[in-house]
Amino acid sequence: ITDKADALKAQATSKYQEKDFEAAAKLYTYALGYVPSDYVCYSNRAACFLALSRTQKALKDALKVIELAPSFPRGYCRAGTCYRSEERR
């Protein structure tokens, strides 16, 4: 199961680097279907959602990262970016 999730994450990362954020988000979602506690997937999917200006979805993922891995700083960074984006609206 984790091998499949890792393969999906690698594909998602490649899509993200190509700036195909929609495809990357979908691949991270598929990976989370195999390993729903993977906080890095949530963090990376939040980055995709931010790039797509889907702030509420990004915030939901960022908060999930904080819940799953409170010592992982990227969750807080992503949440802060979401809150700043919402303030500008």
# chains A, B, ... in the order shown; residues from 1 in each chain; ligands from 1

call {"tool": "residues_around", "arguments": {"residues": "Gln56 in chain A", "least_positions_apart": "6", "cutoff": "12 Å", "atoms": "only C-alpha atoms", "output": "VMD selection string"}}
result
chain A and resid 46 to 47 49 to 50 62 to 63 78 to 79 81 to 86

call {"tool": "select_by_dssp", "arguments": {"residues": "chain A", "states": "helix (DSSP H, G or I)", "output": "number ranges by chain"}}
result
A: 2-17, 21-34, 39-51, 55-68, 73-87

call {"tool": "residues_around", "arguments": {"residues": "range 17-33 of chain A", "least_positions_apart": "4", "cutoff": "6 Å", "atoms": "only C-alpha atoms", "output": "compact mmCIF listing (two decimals) with N, CA, C and O atoms, in the first residue's frame"}}
result
# COMPACT_ATOMS: atom_id res chain seq x y z
N ALA A 5 1.26 4.45 -2.68
CA ALA A 5 1.15 5.84 -2.24
C ALA A 5 2.42 6.61 -2.58
O ALA A 5 2.35 7.75 -3.05
N LEU A 8 2.45 7.43 -6.25
CA LEU A 8 1.53 8.53 -6.54
C LEU A 8 2.09 9.86 -6.09
O LEU A 8 1.98 10.88 -6.78
N LYS A 9 2.73 9.87 -4.90
CA LYS A 9 3.34 11.10 -4.40
C LYS A 9 4.45 11.58 -5.33
O LYS A 9 4.58 12.78 -5.59
N ALA A 12 2.87 13.12 -8.27
CA ALA A 12 2.28 14.40 -7.89
C ALA A 12 3.36 15.47 -7.78
O ALA A 12 3.17 16.60 -8.25
N CYS A 41 1.60 14.65 2.42
CA CYS A 41 0.65 14.71 1.30
C CYS A 41 -0.34 15.85 1.51
O CYS A 41 -0.64 16.60 0.57
N ARG A 45 -0.60 18.98 -0.91
CA ARG A 45 -1.88 19.27 -1.57
C ARG A 45 -2.34 20.68 -1.22
O ARG A 45 -2.90 21.39 -2.07
N CYS A 48 -0.73 22.98 -3.52
CA CYS A 48 -1.42 22.95 -4.83
C CYS A 48 -2.67 23.82 -4.78
O CYS A 48 -2.91 24.63 -5.69

call {"tool": "atom_distance", "arguments": {"atom1": "CA of Glu67 in chain A", "atom2": "CA of Thr2 in chain A"}}
result
21.0 Å

call {"tool": "residues_around", "arguments": {"residues": "Val65 in chain A", "least_positions_apart": "4", "cutoff": "8 Å", "atoms": "only C-alpha atoms", "output": "VMD selection string"}}
result
chain A and resid 39 to 40 42 to 43 61 69 to 70 72 75

call {"tool": "write_last_selection", "arguments": {"atoms": "C-alpha atoms", "output": "CSV table (one decimal), in the first residue's frame"}}
result
chain,number,residue,atom,x,y,z
A,39,TYR,CA,0.8,14.8,6.7
A,40,VAL,CA,3.3,15.5,3.9
A,42,TYR,CA,-1.8,17.1,3.0
A,43,SER,CA,0.9,19.8,3.1
A,61,ASP,CA,-5.4,20.6,4.5
A,69,ALA,CA,2.1,16.5,12.9
A,70,PRO,CA,2.1,19.5,15.3
A,72,PHE,CA,5.9,19.9,11.3
A,75,GLY,CA,1.5,23.1,8.3

call {"tool": "closest_residue", "arguments": {"among": "A:Cys77, A:Ile66, A:Glu87, A:Tyr16", "to": "Leu52 in chain A", "atoms": "only C-alpha atoms"}}
result
A:Tyr16

call {"tool": "closest_residue", "arguments": {"among": "A:Ala51, A:Ser37, A:Gln11, A:Lys4", "to": "Lys64 in chain A", "atoms": "only C-alpha atoms"}}
result
A:Ser37
